[in-house]
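**Student:** Structure file entry.txt (compact mmCIF, C-alpha atoms and all ligand atoms) is given on the next line.
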# COMPACT_ATOMS: atom_id res chain seq x y z
CA MET A 1 87.48 49.47 87.70
CA LYS A 2 86.45 51.56 84.72
CA ALA A 3 85.49 49.56 81.65
CA ARG A 4 87.91 50.06 78.77
CA TRP A 5 86.35 50.64 75.36
CA ASP A 6 88.01 50.60 71.94
CA ILE A 7 86.04 52.21 69.12
CA PHE A 8 87.33 51.66 65.59
CA CYS A 9 86.42 54.19 62.93
CA SER A 10 87.39 53.86 59.31
CA VAL A 11 86.49 57.00 57.38
CA VAL A 12 84.93 55.70 54.15
CA ASP A 13 83.92 59.09 52.83
CA ASN A 14 82.26 62.23 54.18
CA TYR A 15 81.93 62.93 57.88
CA GLY A 16 79.30 60.55 59.24
CA ASP A 17 81.69 57.81 60.37
CA ILE A 18 83.83 60.12 62.43
CA GLY A 19 80.88 62.32 63.40
CA VAL A 20 79.06 59.41 65.02
CA THR A 21 82.06 57.74 66.67
CA TRP A 22 83.48 60.99 68.08
CA ARG A 23 80.11 61.87 69.57
CA LEU A 24 79.73 58.38 71.05
CA ALA A 25 83.29 58.33 72.45
CA ARG A 26 82.80 61.64 74.27
CA GLN A 27 79.49 60.60 75.70
CA LEU A 28 80.86 57.31 77.04
CA VAL A 29 83.61 59.25 78.83
CA VAL A 30 81.50 62.11 80.19
CA GLU A 31 78.30 60.31 81.08
CA HIS A 32 79.38 56.74 81.75
CA ALA A 33 82.91 57.17 83.11
CA CYS A 34 84.37 54.74 80.56
CA ASP A 35 87.99 54.72 79.40
CA VAL A 36 87.70 55.20 75.66
CA ARG A 37 90.25 54.87 72.89
CA LEU A 38 89.02 56.05 69.51
CA TRP A 39 90.98 54.63 66.58
CA VAL A 40 90.60 56.76 63.45
CA ASP A 41 92.31 56.07 60.14
CA ASP A 42 91.81 59.60 58.75
CA LEU A 43 92.50 62.44 61.15
CA ARG A 44 91.94 65.08 58.44
CA ALA A 45 88.19 64.32 58.29
CA PHE A 46 88.17 64.47 62.08
CA GLU A 47 89.90 67.86 62.07
CA ARG A 48 87.01 69.45 60.12
CA MET A 49 84.61 69.06 63.04
CA CYS A 50 87.21 69.13 65.81
CA PRO A 51 89.84 71.72 64.78
CA GLN A 52 92.02 71.14 67.85
CA ILE A 53 93.03 67.72 66.49
CA ASN A 54 96.73 67.50 65.65
CA VAL A 55 96.76 65.43 62.48
CA GLN A 56 100.46 64.62 62.90
CA ARG A 57 100.09 62.82 66.20
CA GLU A 58 99.66 59.09 66.67
CA GLN A 59 98.12 59.60 70.11
CA GLN A 60 96.43 62.57 71.77
CA TRP A 61 93.83 63.32 74.41
CA GLN A 62 90.75 65.18 73.27
CA GLU A 63 87.94 65.95 75.70
CA GLY A 64 88.85 62.94 77.83
CA VAL A 65 89.02 60.56 74.85
CA ASP A 66 92.29 58.80 74.02
CA VAL A 67 92.40 59.49 70.28
CA ARG A 68 94.67 57.16 68.29
CA HIS A 69 95.66 57.29 64.69
CA TRP A 70 94.76 53.85 63.32
CA PRO A 71 98.04 53.07 61.56
CA ALA A 72 98.45 51.04 58.38
CA GLN A 73 101.09 49.01 60.26
CA TRP A 74 99.35 47.89 63.43
CA LEU A 75 101.44 47.80 66.63
CA ALA A 76 100.74 45.17 69.28
CA THR A 77 97.94 46.53 71.49
CA PRO A 78 96.04 44.73 74.25
CA SER A 79 92.31 44.39 73.73
CA ALA A 80 89.82 46.50 75.66
CA ASP A 81 86.80 45.12 77.57
CA VAL A 82 84.38 46.37 74.92
CA VAL A 83 85.27 46.62 71.24
CA ILE A 84 83.14 48.52 68.75
CA ALA A 85 83.69 48.21 65.02
CA ALA A 86 81.77 51.15 63.62
CA PHE A 87 79.81 50.63 60.41
CA ALA A 88 81.16 47.15 59.72
CA CYS A 89 84.81 48.23 59.52
CA GLN A 90 87.36 45.40 59.66
CA LEU A 91 89.51 45.31 62.78
CA PRO A 92 93.26 44.81 62.39
CA PRO A 93 93.91 41.03 62.35
CA GLU A 94 96.55 41.42 65.09
CA TYR A 95 94.01 43.14 67.30
CA MET A 96 91.56 40.29 66.75
CA GLU A 97 94.26 37.86 67.85
CA ALA A 98 94.73 40.00 70.96
CA MET A 99 90.98 39.77 71.65
CA ALA A 100 91.11 35.99 71.31
CA ALA A 101 94.12 35.79 73.63
CA CYS A 102 92.30 37.54 76.49
CA GLU A 103 91.56 35.49 79.56
CA ARG A 104 88.09 36.97 79.48
CA ALA A 105 86.91 37.65 75.93
CA PRO A 106 85.79 41.24 75.26
CA LEU A 107 82.29 42.21 74.19
CA TRP A 108 82.68 42.78 70.46
CA MET A 109 80.00 44.69 68.57
CA ASN A 110 79.37 46.04 65.14
CA LEU A 111 77.70 49.43 65.46
CA ASP A 112 75.48 49.43 62.40
CA TYR A 113 73.99 52.07 60.12
CA LEU A 114 70.83 53.84 61.18
CA SER A 115 67.62 52.59 59.62
CA ALA A 116 63.92 52.81 60.40
CA GLU A 117 63.17 49.51 58.64
CA ASP A 118 61.16 46.85 60.56
CA TRP A 119 63.78 44.13 60.38
CA VAL A 120 66.20 46.15 62.51
CA VAL A 121 64.31 45.30 65.71
CA GLY A 122 64.67 41.58 64.99
CA CYS A 123 68.43 41.81 64.34
CA HIS A 124 69.46 44.19 67.10
CA ARG A 125 71.77 42.51 69.66
CA LEU A 126 71.84 39.21 67.72
CA PRO A 127 75.10 37.25 67.59
CA SER A 128 77.01 37.70 64.34
CA VAL A 129 80.29 35.93 63.43
CA LYS A 130 82.79 34.41 65.84
CA PHE A 131 86.56 34.75 65.78
CA LYS A 132 88.38 32.02 67.73
CA GLY A 133 85.65 31.88 70.34
CA VAL A 134 85.11 35.66 70.51
CA GLN A 135 81.50 36.39 69.63
CA LYS A 136 80.55 39.48 67.67
CA TYR A 137 77.10 41.08 68.08
CA PHE A 138 75.01 43.37 65.91
CA PHE A 139 74.06 46.64 67.54
CA PHE A 140 71.54 48.74 65.64
CA PRO A 141 70.64 52.33 66.34
CA GLY A 142 67.04 53.11 65.53
CA PHE A 143 63.82 54.97 66.09
CA ARG A 144 61.65 52.11 67.31
CA SER A 145 61.58 50.53 70.73
CA GLY A 146 63.65 47.36 70.62
CA THR A 147 66.52 49.09 68.80
CA GLY A 148 69.61 50.75 70.27
CA GLY A 149 68.08 54.24 70.01
CA LEU A 150 69.82 57.41 68.85
CA LEU A 151 72.86 59.31 70.06
CA ARG A 152 71.59 61.99 72.43
CA GLU A 153 73.68 63.65 75.10
CA ALA A 154 72.15 64.09 78.57
CA GLY A 155 70.24 67.38 78.82
CA LEU A 156 70.44 68.03 75.06
CA LEU A 157 66.75 68.70 74.57
CA GLN A 158 66.52 71.02 77.58
CA GLN A 159 69.56 72.92 76.31
CA ARG A 160 68.04 73.17 72.88
CA GLN A 161 64.69 74.39 74.18
CA ALA A 162 66.33 77.02 76.41
CA PHE A 163 68.39 78.26 73.47
CA GLN A 164 65.36 78.45 71.21
CA GLN A 165 63.54 80.51 73.83
CA ASP A 166 66.45 82.91 74.13
CA ALA A 167 66.34 85.28 71.14
CA ARG A 168 69.45 87.11 72.32
CA ALA A 169 71.56 83.97 72.61
CA GLN A 170 70.50 83.00 69.09
CA GLN A 171 71.29 86.43 67.73
CA GLN A 172 74.72 86.44 69.38
CA PHE A 173 75.48 82.99 68.04
CA LEU A 174 74.43 83.93 64.50
CA GLN A 175 76.41 87.16 64.66
CA SER A 176 79.50 85.17 65.69
CA LEU A 177 79.16 83.40 62.32
CA GLY A 178 78.56 86.68 60.48
CA VAL A 179 74.87 85.92 59.95
CA PHE A 180 72.50 88.89 60.03
CA PRO A 181 69.13 87.80 58.63
CA ALA A 182 66.67 90.52 57.61
CA ASN A 183 63.71 91.02 59.91
CA GLY A 184 61.04 88.42 59.24
CA ALA A 185 63.19 86.33 56.92
CA ARG A 186 62.84 82.56 57.14
CA LEU A 187 66.20 81.22 58.29
CA MET A 188 67.08 77.82 56.83
CA SER A 189 70.17 75.62 56.58
CA LEU A 190 71.27 73.38 53.74
CA PHE A 191 73.72 70.48 54.11
CA ALA A 192 73.39 68.05 51.22
CA TYR A 193 75.16 66.02 48.56
CA GLU A 194 75.15 67.13 44.94
CA ASN A 195 71.50 67.46 43.91
CA ALA A 196 70.01 68.49 40.57
CA ALA A 197 66.73 69.32 42.33
CA LEU A 198 68.34 72.28 44.06
CA ALA A 199 67.70 74.77 41.23
CA GLY A 200 63.94 74.16 41.28
CA TRP A 201 63.82 74.62 45.03
CA LEU A 202 65.87 77.83 44.93
CA ASP A 203 63.60 79.21 42.19
CA VAL A 204 60.55 78.78 44.37
CA LEU A 205 62.31 80.17 47.45
CA ALA A 206 63.42 83.25 45.54
CA THR A 207 59.90 84.05 44.40
CA ASP A 208 58.10 83.23 47.65
CA GLY A 209 56.17 86.05 49.37
CA ARG A 210 58.37 85.71 52.44
CA ALA A 211 62.12 86.33 52.29
CA THR A 212 64.45 83.38 52.94
CA HIS A 213 67.98 83.45 54.32
CA LEU A 214 69.66 80.17 53.44
CA LEU A 215 72.81 79.13 55.31
CA VAL A 216 74.99 76.67 53.43
CA PRO A 217 77.99 75.07 55.14
CA GLU A 218 80.85 74.51 52.70
CA GLY A 219 80.50 71.14 51.03
CA ARG A 220 79.29 69.04 48.14
CA ILE A 221 76.15 71.06 47.29
CA LEU A 222 78.14 74.19 46.43
CA GLY A 223 78.62 73.15 42.78
CA ASP A 224 74.85 73.13 42.19
CA MET A 225 74.56 76.38 44.12
CA GLN A 226 77.24 78.02 41.95
CA ARG A 227 75.43 77.00 38.78
CA TRP A 228 72.14 78.42 39.99
CA LEU A 229 73.74 81.66 41.13
CA GLY A 230 75.83 81.87 37.95
CA VAL A 231 79.09 82.35 39.83
CA ASP A 232 82.44 80.60 39.30
CA ARG A 233 83.33 79.94 42.85
CA LEU A 234 81.69 79.99 46.27
CA ALA A 235 83.54 80.06 49.55
CA ALA A 236 82.75 80.56 53.21
CA GLY A 237 81.69 84.13 53.86
CA ASP A 238 80.09 84.68 50.43
CA ILE A 239 76.61 86.17 50.37
CA HIS A 240 74.45 86.36 47.24
CA ARG A 241 70.93 87.71 46.80
CA ARG A 242 68.40 86.70 44.16
CA ASP A 243 64.99 88.32 44.64
CA GLY A 244 63.67 87.19 48.03
CA LEU A 245 66.43 84.66 48.60
CA THR A 246 69.73 85.33 50.35
CA VAL A 247 72.31 82.55 50.14
CA GLN A 248 75.15 82.66 52.64
CA VAL A 249 78.03 80.19 52.61
CA LEU A 250 79.36 79.24 56.03
CA PRO A 251 82.54 77.47 57.04
CA PHE A 252 82.25 73.92 58.32
CA VAL A 253 81.88 74.51 62.05
CA ARG A 254 82.47 72.43 65.19
CA GLN A 255 79.78 69.86 65.96
CA GLU A 256 78.46 71.91 68.91
CA GLN A 257 78.14 74.98 66.73
CA TYR A 258 76.40 73.03 64.03
CA ASP A 259 73.80 71.98 66.60
CA ARG A 260 73.18 75.62 67.45
CA LEU A 261 72.89 76.48 63.81
CA LEU A 262 70.18 73.83 63.40
CA TRP A 263 68.42 75.13 66.52
CA CYS A 264 68.32 78.67 65.11
CA CYS A 265 66.79 77.68 61.77
CA GLU A 266 63.11 77.25 60.99
CA PHE A 267 63.92 74.51 58.50
CA ASN A 268 66.98 72.31 58.06
CA ALA A 269 68.05 70.27 55.08
CA VAL A 270 70.44 67.60 56.32
CA ARG A 271 72.03 64.42 55.02
CA GLY A 272 73.69 61.09 55.86
CA GLU A 273 73.19 59.97 59.41
CA ASP A 274 74.44 62.21 62.17
CA SER A 275 73.21 65.59 60.88
CA PHE A 276 69.88 63.86 60.14
CA VAL A 277 69.56 62.89 63.81
CA ARG A 278 70.73 66.30 65.03
CA ALA A 279 68.06 68.02 62.94
CA GLN A 280 65.44 65.85 64.63
CA TRP A 281 66.73 66.93 68.04
CA ALA A 282 66.35 70.54 66.84
CA GLY A 283 62.57 70.00 66.89
CA ARG A 284 62.11 71.84 63.59
CA PRO A 285 60.84 70.64 60.19
CA LEU A 286 63.56 69.01 58.16
CA LEU A 287 64.45 67.52 54.81
CA TRP A 288 66.72 64.48 54.58
CA HIS A 289 69.14 63.83 51.75
CA ILE A 290 69.82 60.16 52.29
CA TYR A 291 73.21 58.65 51.42
CA ARG A 292 72.85 56.99 48.03
CA GLN A 293 73.39 53.23 47.81
CA ASP A 294 73.63 50.75 44.96
CA GLU A 295 70.39 49.57 43.35
CA ASP A 296 68.55 52.41 45.09
CA ILE A 297 68.18 50.45 48.30
CA HIS A 298 68.45 53.76 50.14
CA LEU A 299 64.96 54.58 48.85
CA ASP A 300 63.53 51.72 50.95
CA LYS A 301 65.23 53.22 53.99
CA LEU A 302 63.80 56.60 53.10
CA ASP A 303 60.27 55.17 52.78
CA ALA A 304 60.60 53.30 56.08
CA PHE A 305 61.54 56.48 57.89
CA LEU A 306 58.83 58.51 56.20
CA GLU A 307 56.22 55.94 57.16
CA LEU A 308 57.20 56.19 60.80
CA TYR A 309 57.80 59.94 60.86
CA THR A 310 54.55 60.93 59.18
CA ALA A 311 52.27 58.37 60.88
CA ALA A 312 50.66 60.97 63.15
CA LEU A 313 50.24 63.69 60.49
CA SER A 314 46.98 64.50 58.70
CA PRO A 315 46.83 62.93 55.21
CA ALA A 316 47.47 66.29 53.50
CA ALA A 317 50.46 67.22 55.66
CA LYS A 318 51.84 63.72 55.27
CA ALA A 319 51.49 63.96 51.49
CA ALA A 320 53.40 67.26 51.52
CA VAL A 321 56.32 65.90 53.58
CA VAL A 322 56.52 62.69 51.56
CA ALA A 323 56.38 64.53 48.23
CA LEU A 324 59.11 66.95 49.24
CA TRP A 325 61.48 64.28 50.57
CA GLN A 326 60.92 62.04 47.58
CA ALA A 327 61.47 64.89 45.12
CA TRP A 328 64.73 65.82 46.86
CA ASN A 329 65.99 62.26 46.84
CA THR A 330 65.04 61.47 43.26
CA GLU A 331 66.02 64.87 41.86
CA GLY A 332 62.41 65.67 41.01
CA ASP A 333 60.43 68.90 41.00
CA MET A 334 60.64 70.68 44.36
CA ALA A 335 58.36 73.64 43.63
CA GLN A 336 54.99 71.99 44.09
CA PRO A 337 55.87 69.95 47.20
CA TRP A 338 57.50 73.00 48.81
CA LYS A 339 54.31 75.01 48.29
CA MET A 340 52.31 72.11 49.74
CA LEU A 341 54.58 72.05 52.77
CA LEU A 342 54.18 75.78 53.33
CA ALA A 343 50.41 75.29 53.29
CA HIS A 344 50.72 72.79 56.18
CA TRP A 345 53.56 74.50 58.01
CA PRO A 346 51.97 74.89 61.48
CA GLU A 347 51.07 71.23 61.65
CA VAL A 348 54.44 70.04 60.34
CA ALA A 349 56.29 72.37 62.72
CA ALA A 350 54.32 71.20 65.76
CA HIS A 351 54.89 67.62 64.70
CA ALA A 352 58.67 68.12 64.51
CA GLU A 353 58.72 69.03 68.21
CA THR A 354 56.38 66.18 69.19
CA TRP A 355 58.47 63.68 67.25
CA CYS A 356 61.63 64.94 68.92
CA LEU A 357 60.16 64.64 72.41
CA GLU A 358 58.81 61.16 71.67
CA GLN A 359 62.19 60.00 70.40
CA GLY A 360 63.73 61.58 73.49
CA LEU A 361 61.81 59.08 75.66
CA GLN A 362 63.91 56.19 74.31
CA ALA A 363 67.19 55.30 76.00
CA ASP A 364 69.99 56.99 74.06
CA LEU A 365 72.48 54.90 72.09
CA ALA A 366 75.44 55.32 74.48
CA THR A 367 73.29 54.27 77.46
CA ALA A 368 71.90 51.33 75.48
CA LEU A 369 75.45 50.18 74.68
CA VAL A 370 76.49 50.43 78.32
CA GLN A 371 73.37 48.55 79.41
CA PHE A 372 74.10 45.81 76.88
CA TYR A 373 77.63 45.50 78.24
CA GLU A 374 76.37 45.38 81.82
CA SER A 375 73.82 42.67 81.02
CA TRP A 376 76.46 40.76 79.04
CA ILE A 377 78.97 40.61 81.91
O1 LIG A 401 78.98 63.52 56.00
P1 LIG A 401 77.82 62.63 55.83
O2 LIG A 401 77.26 62.58 54.50
O3 LIG A 401 78.19 61.18 56.31
C1 LIG A 401 77.79 60.01 55.63
C2 LIG A 401 76.73 59.27 56.33
O4 LIG A 401 77.10 58.97 57.65
C3 LIG A 401 76.47 57.99 55.58
O5 LIG A 401 75.46 57.27 56.20
C4 LIG A 401 77.72 57.20 55.54
O6 LIG A 401 77.54 56.01 54.90
C5 LIG A 401 78.75 58.05 54.85
O7 LIG A 401 78.94 59.26 55.55
C6 LIG A 401 80.06 57.31 54.77
O8 LIG A 401 76.65 63.13 56.81
P2 LIG A 401 76.46 63.04 58.38
O9 LIG A 401 76.25 61.65 58.84
O10 LIG A 401 75.43 63.99 58.70
O11 LIG A 401 77.83 63.56 59.00
C7 LIG A 401 78.20 64.90 59.00
C8 LIG A 401 78.88 65.24 60.30
O12 LIG A 401 79.46 66.52 60.19
C9 LIG A 401 77.93 65.30 61.48
O13 LIG A 401 78.57 64.77 62.65
C10 LIG A 401 77.70 66.78 61.68
C11 LIG A 401 79.03 67.31 61.29
N1 LIG A 401 79.08 68.71 60.87
C12 LIG A 401 79.83 69.60 61.61
O14 LIG A 401 80.41 69.21 62.63
N2 LIG A 401 79.92 70.88 61.20
C13 LIG A 401 79.27 71.35 60.09
O15 LIG A 401 79.39 72.54 59.75
C14 LIG A 401 78.47 70.43 59.35
C15 LIG A 401 77.72 70.91 58.14
C16 LIG A 401 78.40 69.12 59.76
Can you dump the structure from the file as structure tokens?
**Tutor:**
Amino acid sequence: MKARWDIFCSVVDNYGDIGVTWRLARQLVVEHACDVRLWVDDLRAFERMCPQINVQREQQWQEGVDVRHWPAQWLATPSADVVIAAFACQLPPEYMEAMAACERAPLWMNLDYLSAEDWVVGCHRLPSVKFKGVQKYFFFPGFRSGTGGLLREAGLLQQRQAFQQDARAQQQFLQSLGVFPANGARLMSLFAYENAALAGWLDVLATDGRATHLLVPEGRILGDMQRWLGVDRLAAGDIHRRDGLTVQVLPFVRQEQYDRLLWCCEFNAVRGEDSFVRAQWAGRPLLWHIYRQDEDIHLDKLDAFLELYTAALSPAAKAAVVALWQAWNTEGDMAQPWKMLLAHWPEVAAHAETWCLEQGLQADLATALVQFYESWI
């Protein structure tokens, strides 16, 4: 019998919660033949990356996943065999009672936030709280062995490499989005939260010897972009030129298209959790805008990742990457670190591919979850 999985996703803000759980749900169905229900409390956020979602419906099938609107008034529902609370969301109390009433208790896990910090290895798969005899476990994604790994669909890296070797496929894809970069221009993407450091970065891009074509999906960074461009409003389709820099605003696209966008670009600025991982699978240099947390604890997470990511770089290339990422995340001066990065580009670019392939040797997160379930039963 197929294992039944319930994944609970509460959309706190942005798109990471739904981005991660939707990706995981599909992979469990396609690659592990699981029956998956995905409970989402905000279908509008979901619709941005999956436009075929009908936001009016309480239940619908999407790509083999049983998508449920997580209602404010919970209706009696039997528990699945595996229950995932994504990012510490609270399950409906009635559902917890249903878990406790099962003859055989389900495997209950909290799928945690991604972090490169050391302590993650020690906490991964540890028991957490209990509810009436039903044990909850911590499940941590991560970059190190001994963690749950990263979401990575089967064949993703081969697909990505084939696409990057196929100039025509890339051109066709870009044209489908209305993107026509000038010959020789450096194509880059920018997905970020509000950031006062943007102006300094754009200044240096505009005056660089090589032209840059910057693709900006609609989102929170547009306010800073408007100010720098001196325009009142930016919307998808807009293109503005300032010296050597072309800025093009794109619509928010489907997750699969966003992957291709990252694969086409020489450099990707990403944020949060899921786009951060996808940029690593693109095998290209990247810049991470980490999700800000109280008391700046996100800066420890940033340092932990940088330490791991730059370990194999020469001291000068490492210094360039670290300076750029720290400037971006503390709203510092981007000009100098960007110039430093350009000076070490070949090394940093080669490293991005090596890092990707190394990370690709770990079991992916969906497989790790299934293996945990199999060892648990
Ligand atoms: O949207 P985010 O900032 O999400 C954040 C983080 O997950 C953060 O850790 C969490 O605490 C907070 O939400 C609540 O960034 P993230 O994680 O990259 O999610 C964006 C998703 O949107 C990702 O799945 C990629 C997808 N996406 C598209 O599908 N199309 C697009 O055009 C773009 C730009 C993104």
**Student:** Using all atoms listed in the file, which residues have at least one atom no more than 6 Å from ligand LIG 401 (chain A)? Output them as an MDAnalysis selection string.
**Tutor:** chainID A and resid 12:17 19:20 49 191 217 252:255 258 271:276 291
**Student:** Do a neighbour search on range 238-249 of chain A at 6 Å with all atoms listed in the file, toss out local chain neighbours closer than 4 positions, and write the hits as a PyMOL selection string.
**Tutor:** chain A and resi 206+211-217
**Student:** Near range 352-356 of chain A, within 7 Å and counting all atoms listed in the file, which residues show up once chain neighbours fewer than 5 positions away are dropped, as a VMD selection string?
**Tutor:** chain A and resid 280 to 281 283 to 285
**Student:** Between A:Glu117, A:Glu347, A:Glu97, A:Asp208, which has the minimum distance to Ala316 in chain A (counting all atoms listed in the file)?
**Tutor:** A:Glu347
**Student:** From the set A:Leu38, A:Ala196, A:Ala269, A:Leu156, which residue has the shortest atom-to-atom contact distance to Thr330 in chain A, counting all atoms listed in the file?
**Tutor:**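 So, comparing all the options, the nearest one is A:Ala196.
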**Student:** At a cut-off of 12 Å, using only C-alpha atoms, what residues contact Trp119 in chain A? Leave out same-chain residues fewer than 3 positions from it and give the result as a compact mmCIF listing (two decimals) with C-alpha atoms, in the frame of the given file.
**Tutor:**
# COMPACT_ATOMS: atom_id res chain seq x y z
CA SER A 115 67.62 52.59 59.62
CA ALA A 116 63.92 52.81 60.40
CA GLY A 122 64.67 41.58 64.99
CA CYS A 123 68.43 41.81 64.34
CA HIS A 124 69.46 44.19 67.10
CA LEU A 126 71.84 39.21 67.72
CA PHE A 140 71.54 48.74 65.64
CA GLY A 142 67.04 53.11 65.53
CA ARG A 144 61.65 52.11 67.31
CA GLY A 146 63.65 47.36 70.62
CA THR A 147 66.52 49.09 68.80
CA LYS A 301 65.23 53.22 53.99
CA ALA A 304 60.60 53.30 56.08
**Student:** Kindly indicate which residue among A:Asn195, A:Gln135, A:Ser79, A:Gln56 lies nearest to Gly332 in chain A, using all atoms listed in the file for the distances.
**Tutor:** A:Asn195
**Student:** Which value, in Å to one decimal, gives the distance between CA of Gln362 in chain A and CA of Leu151 in chain A?
**Tutor:**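 It comes out at 10.4 Å.
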**Student:** Compare A:Ala76, A:Leu287, A:Cys264, A:Met96 by their minimum atom-to-atom distance to Arg168 in chain A, counting all atoms listed in the file, and give me the closest one.
**Tutor:**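 That would be A:Cys264, the residue with the smallest distance to Arg168 in chain A.
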**Student:** Skipping near chain neighbours, those fewer than 4 positions away, what residues fall within 12 Å of Ser10 in chain A using only C-alpha atoms, listed as a PyMOL selection string?
**Tutor:** chain A and resi 14-22+38-43+45-46+69-72+84-92
**Student:** CA of Ile290 in chain A and CA of Val277 in chain A are how many Å apart?
**Tutor:**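 Separating CA of Ile290 in chain A from CA of Val277 in chain A is a distance of 11.8 Å.
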**Student:** At a cut-off of 12 Å, using only C-alpha atoms, what residues contact Glu307 in chain A? Leave out same-chain residues fewer than 5 positions from it and give the result as a PyMOL selection string.
**Tutor:** chain A and resi 116-118+143+300-302+312-313+315+318-319+321-322+325
**Student:** Mind listing as a ChimeraX atom specification all residues within 7 Å of (62.9, 85.7, 56.1), counting all atoms listed in the file?
**Tutor:** /A:182-187,210-213
**Student:** Add whatever atoms are absent from range 5-11 of chain A to reach all heavy atoms, and provide the output as a short mmCIF file (atom, residue, chain, number, x, y, z; two decimals), in the frame of the given file.
**Tutor:**
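result-v1.cif, freshly written:
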data_model
loop_
_atom_site.label_atom_id
_atom_site.label_comp_id
_atom_site.auth_asym_id
_atom_site.auth_seq_id
_atom_site.Cartn_x
_atom_site.Cartn_y
_atom_site.Cartn_z
N TRP A 5 87.04 50.78 76.65
CA TRP A 5 86.35 50.64 75.36
C TRP A 5 87.31 51.02 74.24
O TRP A 5 88.01 52.03 74.34
CB TRP A 5 85.13 51.56 75.28
CG TRP A 5 84.01 51.22 76.21
CD1 TRP A 5 84.07 51.11 77.57
CD2 TRP A 5 82.64 50.96 75.85
NE1 TRP A 5 82.83 50.79 78.08
CE2 TRP A 5 81.93 50.70 77.05
CE3 TRP A 5 81.95 50.93 74.64
CZ2 TRP A 5 80.56 50.42 77.06
CZ3 TRP A 5 80.58 50.64 74.66
CH2 TRP A 5 79.91 50.37 75.86
N ASP A 6 87.31 50.23 73.18
CA ASP A 6 88.01 50.60 71.94
C ASP A 6 86.96 50.79 70.86
O ASP A 6 86.15 49.87 70.61
CB ASP A 6 88.98 49.49 71.49
CG ASP A 6 90.39 49.70 72.07
OD1 ASP A 6 90.76 50.87 72.34
OD2 ASP A 6 91.10 48.69 72.24
N ILE A 7 86.97 51.96 70.23
CA ILE A 7 86.04 52.21 69.12
C ILE A 7 86.89 52.38 67.85
O ILE A 7 87.81 53.20 67.83
CB ILE A 7 85.22 53.50 69.36
CG1 ILE A 7 84.44 53.38 70.68
CG2 ILE A 7 84.28 53.76 68.19
CD1 ILE A 7 83.67 54.63 71.05
N PHE A 8 86.58 51.59 66.84
CA PHE A 8 87.33 51.66 65.59
C PHE A 8 86.50 52.38 64.53
O PHE A 8 85.35 52.00 64.26
CB PHE A 8 87.69 50.25 65.10
CG PHE A 8 88.80 49.63 65.90
CD1 PHE A 8 88.52 48.94 67.07
CD2 PHE A 8 90.12 49.76 65.50
CE1 PHE A 8 89.54 48.37 67.83
CE2 PHE A 8 91.16 49.20 66.25
CZ PHE A 8 90.86 48.50 67.42
N CYS A 9 87.11 53.41 63.95
CA CYS A 9 86.42 54.19 62.93
C CYS A 9 87.26 54.29 61.67
O CYS A 9 88.35 54.86 61.68
CB CYS A 9 86.16 55.61 63.46
SG CYS A 9 85.54 56.71 62.19
N SER A 10 86.74 53.71 60.60
CA SER A 10 87.39 53.86 59.31
C SER A 10 86.58 54.87 58.51
O SER A 10 85.37 54.68 58.31
CB SER A 10 87.41 52.49 58.60
OG SER A 10 87.75 52.67 57.27
N VAL A 11 87.22 55.94 58.09
CA VAL A 11 86.49 57.00 57.38
C VAL A 11 86.37 56.57 55.92
O VAL A 11 87.34 56.58 55.17
CB VAL A 11 87.23 58.35 57.50
CG1 VAL A 11 86.51 59.42 56.70
CG2 VAL A 11 87.34 58.75 58.97
#
